[in-house]
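Enquirer: What follows is a structure written as structure tokens; I'll ask about it next.
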Amino acid sequence: MLNNNSPTIDIDGGEMASEVDRDEEEAVTELLRDRFRLCTISIAQSQAKQCAMEVSQPIITCISDLAFKFAEQLAKDLELFAQHAGRKSVNMEDVIVSAHRNDHLAASLRSFSNDLKAKEPNLERKRKKNSRREDRVARELLRTPDT
């Protein structure tokens, strides 16, 4: 009988994730999926109430499932955009590119990105000043007196 905590071995002799690890990962994924769906259901119900509409439970469930599938696909697309650019992490440009089919959304994202960039230069200037100061200190330490 196999112990659930022991890793399984593939044909090449390398270790694969144990059953327990896979089960834990699936449980975490399912928990996140359930929380996402609960949030989207709550938003849909709130919006329906705000608009004085009644929306049936099957429709709300469908909206929730569609939102989750959209979020999954968006995450995959963003990951691919970053990989294509040779990066390991997603940046704002990847998000803007992902919205290319929706002009209004893309414009809103660009505006948001520009607002963030407008706030950043102060931080970059501070970093540059610090790095210049560090360079000067390093030069002074490395300078040998002329004798």
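Every chain in the structure tokens has a letter given in the order shown (A, B, ...), and although residue numbers restart at 1 in each chain, ligands are simply numbered from 1 in the order shown.
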List as number ranges by chain the protein and nucleic acid residues near range 44-53 of chain A, meaning an atom at most 9 Å away when only C-alpha atoms are counted, but skip any in the same chain fewer than 3 places from it.

Expert: A: 39-41, 60, 63-64

Enquirer: Residues of range 21-126 of chain A classed as helix (DSSP H, G or I) by DSSP on the backbone are to be reported as a ChimeraX atom specification.

Expert: /A:21-50,57-84,92-98,103-119,121-126

Enquirer: In Å to one decimal, how far is CA of Val95 in chain A from CA of Phe70 in chain A?

Expert: 13.8 Å

Enquirer: Find the distance between CA of Val90 in chain A and CA of Leu78 in chain A and write it in Å to one decimal.

Expert: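 Atom-to-atom, CA of Val90 in chain A and CA of Leu78 in chain A are spaced 6.3 Å apart.
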
Enquirer: At what distance in Å, to one decimal, does CA of Leu31 in chain A lie from CA of Phe68 in chain A?

Expert: 12.8 Å
